[in-house]
$ cat model-v8.cif   # mmCIF, C-alpha atoms
data_target
loop_
_atom_site.label_atom_id
_atom_site.label_comp_id
_atom_site.auth_asym_id
_atom_site.auth_seq_id
_atom_site.Cartn_x
_atom_site.Cartn_y
_atom_site.Cartn_z
CA MET A 16 45.71 -1.61 -55.46
CA TYR A 17 45.66 -4.96 -57.25
CA ASP A 18 44.43 -7.48 -54.71
CA THR A 19 43.66 -10.15 -57.32
CA ILE A 20 45.37 -10.36 -60.70
CA LEU A 21 44.12 -12.70 -63.41
CA VAL A 22 47.07 -13.90 -65.49
CA THR A 23 46.07 -15.52 -68.76
CA LEU A 24 48.40 -18.18 -70.13
CA ASP A 25 48.28 -19.91 -73.49
CA GLY A 26 50.99 -22.48 -72.87
CA THR A 27 53.46 -21.02 -75.37
CA PRO A 28 56.84 -19.30 -74.91
CA THR A 29 55.06 -15.92 -75.12
CA ASP A 30 53.80 -16.54 -71.58
CA ARG A 31 57.26 -15.80 -70.16
CA ALA A 32 56.87 -12.07 -70.83
CA ILE A 33 53.79 -11.74 -68.63
CA ILE A 34 55.01 -14.24 -66.03
CA GLU A 35 58.23 -12.33 -65.41
CA HIS A 36 56.45 -8.97 -65.29
CA VAL A 37 53.73 -10.17 -62.95
CA LYS A 38 56.27 -11.66 -60.54
CA GLN A 39 57.54 -8.18 -59.76
CA LEU A 40 54.11 -6.54 -59.79
CA ALA A 41 52.53 -9.13 -57.49
CA LYS A 42 55.37 -8.84 -54.98
CA LEU A 43 55.11 -5.06 -54.98
CA ALA A 44 51.31 -4.97 -54.68
CA GLN A 45 51.09 -8.04 -52.42
CA SER A 46 48.61 -9.53 -54.86
CA HIS A 47 46.91 -12.89 -55.05
CA LEU A 48 47.22 -14.42 -58.53
CA VAL A 49 44.76 -16.46 -60.52
CA LEU A 50 46.43 -18.23 -63.44
CA LEU A 51 43.99 -19.07 -66.20
CA HIS A 52 44.44 -21.21 -69.27
CA VAL A 53 41.50 -21.78 -71.59
CA ALA A 54 41.58 -25.16 -73.30
CA ASP A 55 39.88 -24.66 -76.63
CA GLY A 56 40.64 -27.85 -78.53
CA TRP A 57 37.94 -30.19 -79.80
CA ALA A 58 37.72 -32.26 -76.61
CA ALA A 59 37.58 -29.14 -74.41
CA ARG A 60 34.87 -27.49 -76.48
CA THR A 61 32.85 -30.68 -76.79
CA TYR A 62 33.12 -32.10 -73.26
CA GLY A 63 34.13 -29.11 -71.14
CA PRO A 64 35.33 -30.13 -67.66
CA ASP A 65 34.69 -33.79 -68.50
CA ALA A 66 37.22 -33.68 -71.35
CA VAL A 67 40.07 -36.15 -71.22
CA SER A 68 42.87 -35.70 -73.72
CA PRO A 69 46.64 -35.34 -73.90
CA GLU A 70 46.08 -31.59 -74.40
CA ILE A 71 44.13 -31.30 -71.13
CA ALA A 72 46.79 -33.28 -69.24
CA GLU A 73 49.56 -31.05 -70.65
CA ASP A 74 47.60 -27.88 -69.86
CA THR A 75 47.01 -28.99 -66.27
CA ALA A 76 50.69 -29.88 -65.76
CA TYR A 77 51.79 -26.55 -67.25
CA LEU A 78 49.48 -24.55 -64.98
CA GLU A 79 50.73 -26.44 -61.95
CA LYS A 80 54.36 -25.77 -62.92
CA VAL A 81 53.75 -22.02 -63.25
CA ARG A 82 51.69 -21.93 -60.04
CA THR A 83 54.56 -23.58 -58.16
CA GLU A 84 56.99 -21.05 -59.64
CA PHE A 85 54.97 -18.15 -58.21
CA GLN A 86 54.33 -19.83 -54.87
CA SER A 87 58.03 -20.55 -54.41
CA MET A 88 58.46 -16.75 -54.42
CA GLY A 89 55.85 -16.37 -51.68
CA ILE A 90 53.11 -15.16 -54.06
CA PRO A 91 49.72 -16.74 -53.27
CA THR A 92 48.59 -18.32 -56.52
CA GLU A 93 45.81 -20.53 -57.75
CA ALA A 94 45.53 -22.14 -61.17
CA GLU A 95 42.34 -22.61 -63.14
CA LEU A 96 41.65 -24.49 -66.36
CA ALA A 97 38.65 -23.27 -68.31
CA TYR A 98 37.05 -24.70 -71.43
CA GLY A 99 35.70 -23.01 -74.54
CA GLU A 100 36.24 -19.66 -76.21
CA PRO A 101 39.17 -17.83 -74.60
CA ASP A 102 37.72 -14.30 -74.58
CA LYS A 103 34.39 -15.37 -73.09
CA GLU A 104 36.05 -17.51 -70.44
CA ILE A 105 38.53 -14.80 -69.44
CA ILE A 106 35.71 -12.29 -69.03
CA LYS A 107 33.74 -14.79 -66.95
CA TRP A 108 36.73 -15.50 -64.66
CA VAL A 109 37.43 -11.79 -64.14
CA GLN A 110 33.95 -11.50 -62.67
CA GLN A 111 33.96 -14.82 -60.81
CA LYS A 112 37.24 -14.13 -59.01
CA SER A 113 36.64 -10.37 -58.53
CA CYS A 114 39.89 -9.53 -60.28
CA ASP A 115 41.34 -6.01 -60.17
CA LEU A 116 43.64 -6.47 -63.15
CA VAL A 117 43.98 -8.78 -66.16
CA ALA A 118 47.54 -9.47 -67.32
CA MET A 119 48.13 -10.97 -70.76
CA SER A 120 50.96 -11.52 -73.22
CA THR A 121 50.14 -10.80 -76.83
CA HIS A 122 51.57 -12.36 -79.95
CA GLY A 123 51.45 -9.18 -81.98
CA HIS A 124 49.34 -8.53 -85.01
CA ARG A 125 48.17 -10.99 -87.62
CA LEU A 126 47.01 -8.27 -90.02
CA PHE A 127 43.78 -9.25 -91.73
CA ALA A 128 42.76 -11.84 -89.15
CA ASP A 129 42.88 -9.14 -86.45
CA LEU A 130 40.86 -6.75 -88.58
CA PHE A 131 38.08 -9.19 -89.32
CA LEU A 132 38.03 -11.42 -86.26
CA GLY A 133 39.64 -9.32 -83.57
CA THR A 134 42.09 -10.72 -81.03
CA THR A 135 41.36 -12.30 -77.69
CA ALA A 136 43.20 -9.44 -75.96
CA SER A 137 41.18 -6.82 -77.80
CA ARG A 138 37.87 -8.52 -77.06
CA VAL A 139 38.73 -8.85 -73.37
CA GLN A 140 39.99 -5.28 -73.12
CA HIS A 141 36.71 -3.89 -74.44
CA ARG A 142 34.45 -6.09 -72.30
CA VAL A 143 35.85 -5.86 -68.78
CA SER A 144 35.67 -2.96 -66.38
CA VAL A 145 39.12 -3.51 -64.85
CA PRO A 146 42.51 -2.50 -66.26
CA VAL A 147 44.14 -4.87 -68.75
CA LEU A 148 47.92 -5.09 -68.87
CA LEU A 149 49.09 -6.23 -72.31
CA LEU A 150 52.73 -7.13 -72.89
CA LYS A 151 53.89 -7.94 -76.39
CA ALA A 152 56.08 -11.03 -76.32
CA LYS A 153 59.53 -10.69 -77.83
#
$ encode --input "model-v8.cif" --output "structure tokens"
Amino acid sequence: MYDTILVTLDGTPTDRAIIEHVKQLAKLAQSHLVLLHVADGWAARTYGPDAVSPEIAEDTAYLEKVRTEFQSMGIPTEAELAYGEPDKEIIKWVQQKSCDLVAMSTHGHRLFADLFLGTTASRVQHRVSVPVLLLKAK
């Protein structure tokens, strides 16, 4: 059903909600996971894959830690670091990796900012043709 699941991570404690949920789902569906974090700081937006910064180093280490966590459970997992605008990069990776599902944690609503700017989750949800699993972090 879900051969490849794209799991978006933002490097905050809200990630735990989706990580714990996807562990069970991936085991059940025998899925391959693609972990994706989009670095969107100044260095990432300016230099892309050539960016070197403490943020990039921390993001890379975090992805590797989560990848190892899934792999230790026997779940095939790869980790990818993208650069730029999160919604655009997530959409691109869904297509590039032929994902069957996108799994994301959400922070909840920020009232007026959501109304005027939209959220990453909302933008992704309306621009991909695969199901999007959204879990609100506690």
$ closest_residue --input "model-v8.cif" --among "A:Gln86, A:Ser113, A:Gln39, A:Thr75" --to "Leu21 of chain A" --atoms "all atoms listed in the file"
A:Ser113
$ closest_residue --input "model-v8.cif" --among "A:Met119, A:Val49, A:Val147, A:Leu96" --to "Thr29 of chain A" --atoms "only C-alpha atoms"
A:Met119
$ resolve_selection --input "model-v8.cif" --expression "the PyMOL selection byres ((chain A and resi 59) around 10)" --output "ChimeraX atom specification"
/A:53-58,60-68,70-71,97-100
$ closest_residue --input "model-v8.cif" --among "A:Val109, A:Val143, A:Ala72, A:Ala118" --to "Leu40 of chain A" --atoms "only C-alpha atoms"
A:Ala118
$ closest_residue --input "model-v8.cif" --among "A:Arg31, A:Thr19, A:Thr135, A:Thr121" --to "Lys151 of chain A" --atoms "only C-alpha atoms"
A:Thr121
$ residues_around --input "model-v8.cif" --residues "Leu50 of chain A" --least-positions-apart "4" --cutoff "9 Å" --atoms "only C-alpha atoms" --output "JSON list (two decimals) with C-alpha atoms, keeping the file's coordinate frame"
[["chain", "number", "residue", "atom", "x", "y", "z"],
["A", 20, "ILE", "CA", 45.37, -10.36, -60.70],
["A", 21, "LEU", "CA", 44.12, -12.70, -63.41],
["A", 22, "VAL", "CA", 47.07, -13.90, -65.49],
["A", 23, "THR", "CA", 46.07, -15.52, -68.76],
["A", 24, "LEU", "CA", 48.40, -18.18, -70.13],
["A", 78, "LEU", "CA", 49.48, -24.55, -64.98],
["A", 81, "VAL", "CA", 53.75, -22.02, -63.25],
["A", 82, "ARG", "CA", 51.69, -21.93, -60.04],
["A", 92, "THR", "CA", 48.59, -18.32, -56.52],
["A", 93, "GLU", "CA", 45.81, -20.53, -57.75],
["A", 94, "ALA", "CA", 45.53, -22.14, -61.17],
["A", 95, "GLU", "CA", 42.34, -22.61, -63.14],
["A", 96, "LEU", "CA", 41.65, -24.49, -66.36]]
$ atom_distance --input "model-v8.cif" --atom1 "atom CA of Met88 of chain A" --atom2 "atom CA of His36 of chain A"
13.5 Å
$ closest_residue --input "model-v8.cif" --among "A:Ala76, A:Leu48, A:Ala41, A:Ile33" --to "Lys112 of chain A" --atoms "only C-alpha atoms"
A:Leu48
$ residues_around --input "model-v8.cif" --residues "Leu43 of chain A" --least-positions-apart "3" --cutoff "12 Å" --atoms "only C-alpha atoms" --output "list of chain:residue names"
A:Met16, A:Tyr17, A:Asp18, A:His36, A:Val37, A:Lys38, A:Gln39, A:Leu40, A:Ser46, A:His47, A:Gly89, A:Ile90
$ write_last_selection --input "model-v8.cif" --atoms "C-alpha atoms" --output "short mmCIF file (atom, residue, chain, number, x, y, z; two decimals), keeping the file's coordinate frame"
data_model
loop_
_atom_site.label_atom_id
_atom_site.label_comp_id
_atom_site.auth_asym_id
_atom_site.auth_seq_id
_atom_site.Cartn_x
_atom_site.Cartn_y
_atom_site.Cartn_z
CA MET A 16 45.71 -1.61 -55.46
CA TYR A 17 45.66 -4.96 -57.25
CA ASP A 18 44.43 -7.48 -54.71
CA HIS A 36 56.45 -8.97 -65.29
CA VAL A 37 53.73 -10.17 -62.95
CA LYS A 38 56.27 -11.66 -60.54
CA GLN A 39 57.54 -8.18 -59.76
CA LEU A 40 54.11 -6.54 -59.79
CA SER A 46 48.61 -9.53 -54.86
CA HIS A 47 46.91 -12.89 -55.05
CA GLY A 89 55.85 -16.37 -51.68
CA ILE A 90 53.11 -15.16 -54.06
#
$ atom_distance --input "model-v8.cif" --atom1 "atom CA of Leu149 of chain A" --atom2 "atom CA of Val117 of chain A"
8.4 Å
$ resolve_selection --input "model-v8.cif" --expression "the PyMOL selection byres ((chain A and resi 26) around 9)" --output "PDB file with C-alpha atoms, in the frame of the given file"
ATOM      1  CA  LEU A  24      48.400 -18.180 -70.130  1.00  0.00           C
ATOM      2  CA  ASP A  25      48.280 -19.910 -73.490  1.00  0.00           C
ATOM      3  CA  THR A  27      53.460 -21.020 -75.370  1.00  0.00           C
ATOM      4  CA  PRO A  28      56.840 -19.300 -74.910  1.00  0.00           C
ATOM      5  CA  THR A  29      55.060 -15.920 -75.120  1.00  0.00           C
ATOM      6  CA  ASP A  30      53.800 -16.540 -71.580  1.00  0.00           C
ATOM      7  CA  HIS A  52      44.440 -21.210 -69.270  1.00  0.00           C
ATOM      8  CA  GLU A  73      49.560 -31.050 -70.650  1.00  0.00           C
ATOM      9  CA  ASP A  74      47.600 -27.880 -69.860  1.00  0.00           C
ATOM     10  CA  TYR A  77      51.790 -26.550 -67.250  1.00  0.00           C
ATOM     11  CA  LEU A  78      49.480 -24.550 -64.980  1.00  0.00           C
TER      12      LEU A  78
END
$ build_atoms --input "model-v8.cif" --residues "segment 66-96 of chain A" --atoms "N, CA and C atoms" --output "compact mmCIF listing (two decimals), keeping the file's coordinate frame"
# COMPACT_ATOMS: atom_id res chain seq x y z
N ALA A 66 36.30 -33.33 -70.26
CA ALA A 66 37.22 -33.68 -71.35
C ALA A 66 38.45 -34.39 -70.81
N VAL A 67 38.85 -35.42 -71.52
CA VAL A 67 40.07 -36.15 -71.22
C VAL A 67 40.85 -36.25 -72.52
N SER A 68 42.04 -35.65 -72.52
CA SER A 68 42.87 -35.70 -73.72
C SER A 68 44.30 -35.38 -73.33
N PRO A 69 45.25 -35.72 -74.20
CA PRO A 69 46.64 -35.34 -73.90
C PRO A 69 46.78 -33.82 -73.73
N GLU A 70 46.03 -33.05 -74.50
CA GLU A 70 46.08 -31.59 -74.40
C GLU A 70 45.68 -31.13 -73.00
N ILE A 71 44.61 -31.67 -72.47
CA ILE A 71 44.13 -31.30 -71.13
C ILE A 71 45.17 -31.66 -70.07
N ALA A 72 45.77 -32.84 -70.20
CA ALA A 72 46.79 -33.28 -69.24
C ALA A 72 48.00 -32.34 -69.30
N GLU A 73 48.43 -31.97 -70.50
CA GLU A 73 49.56 -31.05 -70.65
C GLU A 73 49.23 -29.67 -70.09
N ASP A 74 48.03 -29.19 -70.36
CA ASP A 74 47.60 -27.88 -69.86
C ASP A 74 47.59 -27.85 -68.34
N THR A 75 47.09 -28.90 -67.73
CA THR A 75 47.01 -28.99 -66.27
C THR A 75 48.41 -29.01 -65.67
N ALA A 76 49.31 -29.79 -66.25
CA ALA A 76 50.69 -29.88 -65.76
C ALA A 76 51.40 -28.53 -65.90
N TYR A 77 51.17 -27.86 -67.01
CA TYR A 77 51.79 -26.55 -67.25
C TYR A 77 51.32 -25.53 -66.21
N LEU A 78 50.02 -25.48 -65.97
CA LEU A 78 49.48 -24.55 -64.98
C LEU A 78 50.07 -24.81 -63.60
N GLU A 79 50.18 -26.08 -63.25
CA GLU A 79 50.73 -26.44 -61.95
C GLU A 79 52.20 -26.01 -61.84
N LYS A 80 52.95 -26.17 -62.90
CA LYS A 80 54.36 -25.77 -62.92
C LYS A 80 54.50 -24.26 -62.70
N VAL A 81 53.68 -23.48 -63.39
CA VAL A 81 53.75 -22.02 -63.25
C VAL A 81 53.25 -21.59 -61.87
N ARG A 82 52.20 -22.24 -61.38
CA ARG A 82 51.69 -21.93 -60.04
C ARG A 82 52.78 -22.16 -58.99
N THR A 83 53.48 -23.26 -59.09
CA THR A 83 54.56 -23.58 -58.16
C THR A 83 55.68 -22.54 -58.24
N GLU A 84 55.96 -22.08 -59.44
CA GLU A 84 56.99 -21.05 -59.64
C GLU A 84 56.65 -19.78 -58.86
N PHE A 85 55.39 -19.34 -58.95
CA PHE A 85 54.97 -18.15 -58.21
C PHE A 85 54.95 -18.41 -56.70
N GLN A 86 54.43 -19.54 -56.30
CA GLN A 86 54.33 -19.83 -54.87
C GLN A 86 55.69 -19.96 -54.22
N SER A 87 56.68 -20.44 -54.98
CA SER A 87 58.03 -20.55 -54.41
C SER A 87 58.62 -19.16 -54.10
N MET A 88 58.03 -18.13 -54.69
CA MET A 88 58.46 -16.75 -54.42
C MET A 88 57.60 -16.11 -53.33
N GLY A 89 56.70 -16.89 -52.74
CA GLY A 89 55.85 -16.37 -51.68
C GLY A 89 54.62 -15.63 -52.19
N ILE A 90 54.28 -15.83 -53.48
CA ILE A 90 53.11 -15.16 -54.06
C ILE A 90 51.95 -16.14 -54.05
N PRO A 91 50.87 -15.83 -53.30
CA PRO A 91 49.72 -16.74 -53.27
C PRO A 91 49.11 -16.86 -54.68
N THR A 92 49.00 -18.09 -55.14
CA THR A 92 48.59 -18.32 -56.52
C THR A 92 47.69 -19.53 -56.62
N GLU A 93 46.64 -19.38 -57.41
CA GLU A 93 45.81 -20.53 -57.75
C GLU A 93 45.80 -20.67 -59.27
N ALA A 94 45.54 -21.87 -59.73
CA ALA A 94 45.53 -22.14 -61.17
C ALA A 94 44.18 -22.71 -61.57
N GLU A 95 43.64 -22.19 -62.66
CA GLU A 95 42.34 -22.61 -63.14
C GLU A 95 42.42 -22.99 -64.62
N LEU A 96 41.76 -24.07 -64.97
CA LEU A 96 41.65 -24.49 -66.36
C LEU A 96 40.20 -24.30 -66.77
